[in-house]
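J.: Dropping in input_2.cif, with mmCIF, C-alpha atoms.
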```
data_coords
loop_
_atom_site.label_atom_id
_atom_site.label_comp_id
_atom_site.auth_asym_id
_atom_site.auth_seq_id
_atom_site.Cartn_x
_atom_site.Cartn_y
_atom_site.Cartn_z
CA MET A 1 0.00 0.00 0.00
CA SER A 2 1.37 3.41 -0.92
CA ALA A 3 2.02 6.01 1.76
CA ALA A 4 -0.85 8.17 0.46
CA ALA A 5 -3.29 5.26 0.52
CA ARG A 6 -2.13 4.33 4.03
CA ARG A 7 -2.66 7.91 5.26
CA LEU A 8 -6.12 7.98 3.67
CA ALA A 9 -7.03 4.66 5.30
CA GLU A 10 -5.81 5.92 8.67
CA ARG A 11 -7.74 9.16 8.24
CA LEU A 12 -10.99 7.42 7.32
CA GLY A 13 -10.83 4.36 9.54
CA ARG A 14 -13.25 1.48 9.07
CA ARG A 15 -16.47 3.43 9.41
CA GLY A 16 -15.26 6.27 7.22
CA ALA A 17 -14.15 3.87 4.50
CA ALA A 18 -17.59 2.24 4.57
CA LEU A 19 -19.28 5.64 4.32
CA ALA A 20 -17.02 6.73 1.46
CA LEU A 21 -17.77 3.53 -0.50
CA LEU A 22 -21.50 3.64 0.22
CA GLY A 23 -21.71 7.31 -0.70
CA THR A 24 -19.83 6.86 -3.95
CA GLY A 25 -22.05 3.92 -4.90
CA LYS A 26 -25.23 5.87 -4.21
CA VAL A 27 -24.07 8.85 -6.26
CA CYS A 28 -23.19 6.54 -9.17
CA PHE A 29 -26.52 4.71 -8.93
CA GLY A 30 -28.50 7.96 -8.97
CA LEU A 31 -26.47 9.40 -11.83
CA GLY A 32 -27.17 6.24 -13.81
CA TYR A 33 -30.88 7.05 -13.72
CA ILE A 34 -30.38 10.78 -14.25
CA LEU A 35 -28.07 10.41 -17.25
CA THR A 36 -29.98 7.58 -18.98
CA PRO A 37 -32.19 9.04 -21.72
CA ASP A 38 -35.20 6.83 -20.90
CA PRO A 39 -34.70 5.08 -17.53
CA ASP A 40 -36.88 2.07 -16.75
CA PRO A 41 -39.15 2.95 -13.78
CA ARG A 42 -40.94 -0.43 -13.54
CA GLY A 43 -41.88 -1.19 -9.96
CA LEU A 44 -41.50 2.42 -8.86
CA GLU A 45 -45.00 3.60 -9.83
CA LEU A 46 -45.83 4.43 -6.20
CA LEU A 47 -42.96 6.92 -6.11
CA LEU A 48 -43.82 8.28 -9.54
CA ARG A 49 -47.19 9.44 -8.19
CA PHE A 50 -45.29 12.09 -6.24
CA ALA A 51 -42.31 12.99 -8.45
CA GLY A 52 -40.48 11.95 -11.60
CA ILE A 53 -37.84 9.23 -11.77
CA ARG A 54 -35.03 11.77 -12.09
CA TRP A 55 -36.15 13.45 -8.85
CA TRP A 56 -36.01 10.10 -7.06
CA ALA A 57 -32.63 9.43 -8.65
CA GLY A 58 -31.54 12.83 -7.35
CA LEU A 59 -32.40 11.57 -3.88
CA TRP A 60 -29.75 8.88 -4.35
CA VAL A 61 -27.21 11.51 -5.43
CA VAL A 62 -27.93 13.91 -2.55
CA CYS A 63 -27.98 11.15 0.08
CA GLY A 64 -24.83 9.67 -1.46
CA ALA A 65 -23.05 13.01 -1.22
CA LEU A 66 -24.11 13.37 2.43
CA THR A 67 -22.96 9.82 3.12
CA PHE A 68 -19.60 10.44 1.44
CA GLY A 69 -19.15 13.74 3.26
CA SER A 70 -19.83 12.08 6.60
CA ALA A 71 -16.91 9.72 6.00
CA TRP A 72 -14.60 12.52 7.07
CA LEU A 73 -16.39 13.25 10.35
CA ARG A 74 -15.47 12.01 13.79
CA ILE A 75 -17.08 8.82 15.05
CA GLY A 76 -20.43 9.70 16.55
CA ARG A 77 -20.91 12.63 14.22
CA ASP A 78 -20.85 10.28 11.25
CA ARG A 79 -24.26 8.84 12.17
CA TRP A 80 -26.00 11.25 9.78
CA GLY A 81 -24.07 9.63 6.95
CA PHE A 82 -25.47 6.24 7.86
CA ILE A 83 -28.97 7.71 8.14
CA ALA A 84 -28.61 9.37 4.73
CA ALA A 85 -27.34 6.07 3.31
CA LEU A 86 -30.50 4.31 4.52
CA VAL A 87 -33.04 6.69 2.98
CA PRO A 88 -32.89 5.84 -0.76
CA PRO A 89 -32.80 2.03 -0.51
CA PHE A 90 -35.49 2.11 2.17
CA VAL A 91 -37.77 4.30 0.02
CA TRP A 92 -37.13 2.42 -3.23
CA GLY A 93 -37.34 -0.96 -1.51
CA ALA A 94 -40.72 -0.02 -0.02
CA ALA A 95 -41.94 1.01 -3.49
CA PHE A 96 -40.84 -2.33 -4.95
CA LEU A 97 -42.54 -4.21 -2.10
CA TRP A 98 -45.73 -2.20 -2.71
CA ALA A 99 -45.62 -2.94 -6.45
CA SER A 100 -45.16 -6.64 -5.72
CA ALA A 101 -48.01 -6.75 -3.19
CA ALA A 102 -50.28 -4.90 -5.62
CA GLY A 103 -49.44 -7.44 -8.34
CA ASP A 104 -48.05 -4.75 -10.65
CA PHE A 105 -44.45 -5.94 -10.52
CA PRO A 106 -44.05 -9.54 -9.30
CA ARG A 107 -40.26 -9.26 -9.35
CA GLY A 108 -40.60 -6.41 -6.83
CA LEU A 109 -40.45 -8.84 -3.92
CA ALA A 110 -37.00 -10.03 -5.03
CA VAL A 111 -35.82 -6.45 -5.56
CA PHE A 112 -37.16 -5.51 -2.13
CA GLY A 113 -35.23 -8.43 -0.62
CA TRP A 114 -32.09 -7.29 -2.41
CA TYR A 115 -32.44 -3.73 -1.08
CA ALA A 116 -33.25 -5.00 2.42
CA THR A 117 -30.16 -7.21 2.61
CA SER A 118 -27.45 -5.79 0.37
CA HIS A 119 -28.27 -2.18 1.12
CA VAL A 120 -30.15 -1.64 4.36
CA GLY A 121 -28.64 -4.67 6.11
CA ILE A 122 -25.08 -3.80 5.12
CA ILE A 123 -25.54 -0.15 6.10
CA LEU A 124 -26.89 -1.12 9.53
CA TRP A 125 -24.00 -3.54 9.98
CA ALA A 126 -21.42 -0.92 8.93
CA ALA A 127 -22.95 1.59 11.34
CA SER A 128 -22.36 -0.85 14.19
CA VAL A 129 -18.71 -1.55 13.32
CA PRO A 130 -16.47 -0.27 16.10
CA GLU A 131 -13.48 1.81 15.13
CA TYR A 132 -10.33 -0.03 16.22
CA GLU A 133 -7.79 1.58 13.94
CA LEU A 134 -7.65 4.95 15.68
CA PRO A 135 -7.65 5.62 19.41
CA HIS A 136 -10.68 7.69 20.44
CA SER A 137 -8.51 10.65 21.42
CA ALA A 138 -5.91 10.40 18.67
CA PRO A 139 -4.60 13.75 17.47
CA GLY A 140 -5.12 14.10 13.74
CA GLY A 141 -7.95 11.56 13.78
CA ARG A 142 -11.27 12.18 12.06
CA SER A 143 -12.74 15.45 13.25
#
```
Kindly transcribe the structure held in the file into structure tokens.

T.:
Amino acid sequence: MSAAARRLAERLGRRGAALALLGTGKVCFGLGYILTPDPDPRGLELLLRFAGIRWWAGLWVVCGALTFGSAWLRIGRDRWGFIAALVPPFVWGAAFLWASAAGDFPRGLAVFGWYATSHVGIILWAASVPEYELPHSAPGGRS
């Protein structure tokens, strides 16, 4: 590992690294919907009653940016990043569950399960990971 990568890893710690990865992924996911000329909104009809698909994709981008930004905060203050990370998959997962229950999108149950485990479950797990790499009172630690 290069010295720069080692310093970055020390600066972020475990929780910060998780937030940086989660935030980057959410921004990329949202941009995928925003930049696609005709994104496929199947299963998201419940959300589309309130706003367009690009607005909901923007939610991913904004929450992803908040999540990424929280990676640089001190442990305890980073909780808002984990909360922001939970919002888009929770909202979209609920829409897919609704579409499945209504019979409009049978695959919605599988997509809901995917959001519940690989998004919400992983975020909740990452939020509970203790920070062992930096002492709690380390000078130069996350602030």

J.: What does the distance between CA of Thr117 in chain A and CA of Lys26 in chain A come to in Å, to one decimal place?

T.: 15.6 Å

J.: How far is it from CA of Arg77 in chain A to CA of Arg6 in chain A, in Å with one decimal?

T.: 22.9 Å

J.: Applied to the shown file, which residues does the PyMOL selection byres ((chain A and resi 23) around 6) return, written as a list in words?

T.: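 Listing what the PyMOL selection byres ((chain A and resi 23) around 6) selects in the shown file: Leu19, Ala20, Leu21, Leu22, Thr24, Gly25, Lys26, Gly64, Ala65, Thr67 and Phe68 of chain A.
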
J.: With 12 Å as the cut-off and all atoms listed in the file counted, what is the closest atom pair between each nearby residue of range 11-62 of chain A and range 82-106 of chain A? Distances in Å to one decimal, ordered by chain and number, as a Markdown table.

T.:
```
| residue | atom | partner | partner_atom | distance |
| --- | --- | --- | --- | --- |
| A:Arg15 | CA | A:Phe82 | CA | 9.6 |
| A:Gly16 | CA | A:Phe82 | CA | 10.2 |
| A:Ala18 | CA | A:Phe82 | CA | 9.4 |
| A:Leu19 | CA | A:Phe82 | CA | 7.2 |
| A:Ala20 | CA | A:Ala85 | CA | 10.5 |
| A:Leu21 | CA | A:Ala85 | CA | 10.6 |
| A:Leu22 | CA | A:Ala85 | CA | 7.0 |
| A:Gly23 | CA | A:Ala85 | CA | 7.0 |
| A:Thr24 | CA | A:Ala85 | CA | 10.5 |
| A:Gly25 | CA | A:Ala85 | CA | 10.0 |
| A:Lys26 | CA | A:Ala85 | CA | 7.8 |
| A:Val27 | CA | A:Ala85 | CA | 10.5 |
| A:Phe29 | CA | A:Pro88 | CA | 10.4 |
| A:Gly30 | CA | A:Pro88 | CA | 9.5 |
| A:Pro41 | CA | A:Phe96 | CA | 10.4 |
| A:Arg42 | CA | A:Phe105 | CA | 7.2 |
| A:Gly43 | CA | A:Phe96 | CA | 5.2 |
| A:Leu44 | CA | A:Ala95 | CA | 5.6 |
| A:Glu45 | CA | A:Ala99 | CA | 7.4 |
| A:Leu46 | CA | A:Ala95 | CA | 5.8 |
| A:Leu47 | CA | A:Ala95 | CA | 6.5 |
| A:Leu48 | CA | A:Ala95 | CA | 9.6 |
| A:Arg49 | CA | A:Ala95 | CA | 11.0 |
| A:Phe50 | CA | A:Ala95 | CA | 11.9 |
| A:Ile53 | CA | A:Trp92 | CA | 10.9 |
| A:Trp55 | CA | A:Pro88 | CA | 11.6 |
| A:Trp56 | CA | A:Pro88 | CA | 8.2 |
| A:Ala57 | CA | A:Pro88 | CA | 8.7 |
| A:Gly58 | CA | A:Pro88 | CA | 9.7 |
| A:Leu59 | CA | A:Pro88 | CA | 6.5 |
| A:Trp60 | CA | A:Pro88 | CA | 5.7 |
| A:Val61 | CA | A:Pro88 | CA | 9.3 |
| A:Val62 | CA | A:Ala84 | CA | 8.6 |
```

J.: Please dump the current selection as a PDB file, in the coordinates of the input; keep C-alpha atoms.

T.:
```
ATOM      1  CA  ARG A  15     -16.470   3.430   9.410  1.00  0.00           C
ATOM      2  CA  GLY A  16     -15.260   6.270   7.220  1.00  0.00           C
ATOM      3  CA  ALA A  18     -17.590   2.240   4.570  1.00  0.00           C
ATOM      4  CA  LEU A  19     -19.280   5.640   4.320  1.00  0.00           C
ATOM      5  CA  ALA A  20     -17.020   6.730   1.460  1.00  0.00           C
ATOM      6  CA  LEU A  21     -17.770   3.530  -0.500  1.00  0.00           C
ATOM      7  CA  LEU A  22     -21.500   3.640   0.220  1.00  0.00           C
ATOM      8  CA  GLY A  23     -21.710   7.310  -0.700  1.00  0.00           C
ATOM      9  CA  THR A  24     -19.830   6.860  -3.950  1.00  0.00           C
ATOM     10  CA  GLY A  25     -22.050   3.920  -4.900  1.00  0.00           C
ATOM     11  CA  LYS A  26     -25.230   5.870  -4.210  1.00  0.00           C
ATOM     12  CA  VAL A  27     -24.070   8.850  -6.260  1.00  0.00           C
ATOM     13  CA  PHE A  29     -26.520   4.710  -8.930  1.00  0.00           C
ATOM     14  CA  GLY A  30     -28.500   7.960  -8.970  1.00  0.00           C
ATOM     15  CA  PRO A  41     -39.150   2.950 -13.780  1.00  0.00           C
ATOM     16  CA  ARG A  42     -40.940  -0.430 -13.540  1.00  0.00           C
ATOM     17  CA  GLY A  43     -41.880  -1.190  -9.960  1.00  0.00           C
ATOM     18  CA  LEU A  44     -41.500   2.420  -8.860  1.00  0.00           C
ATOM     19  CA  GLU A  45     -45.000   3.600  -9.830  1.00  0.00           C
ATOM     20  CA  LEU A  46     -45.830   4.430  -6.200  1.00  0.00           C
ATOM     21  CA  LEU A  47     -42.960   6.920  -6.110  1.00  0.00           C
ATOM     22  CA  LEU A  48     -43.820   8.280  -9.540  1.00  0.00           C
ATOM     23  CA  ARG A  49     -47.190   9.440  -8.190  1.00  0.00           C
ATOM     24  CA  PHE A  50     -45.290  12.090  -6.240  1.00  0.00           C
ATOM     25  CA  ILE A  53     -37.840   9.230 -11.770  1.00  0.00           C
ATOM     26  CA  TRP A  55     -36.150  13.450  -8.850  1.00  0.00           C
ATOM     27  CA  TRP A  56     -36.010  10.100  -7.060  1.00  0.00           C
ATOM     28  CA  ALA A  57     -32.630   9.430  -8.650  1.00  0.00           C
ATOM     29  CA  GLY A  58     -31.540  12.830  -7.350  1.00  0.00           C
ATOM     30  CA  LEU A  59     -32.400  11.570  -3.880  1.00  0.00           C
ATOM     31  CA  TRP A  60     -29.750   8.880  -4.350  1.00  0.00           C
ATOM     32  CA  VAL A  61     -27.210  11.510  -5.430  1.00  0.00           C
ATOM     33  CA  VAL A  62     -27.930  13.910  -2.550  1.00  0.00           C
TER      34      VAL A  62
END
```

J.: Between CA of Ile34 in chain A and CA of Leu73 in chain A, what is the distance, to one decimal in Å?

T.: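 A separation of 28.4 Å between them.
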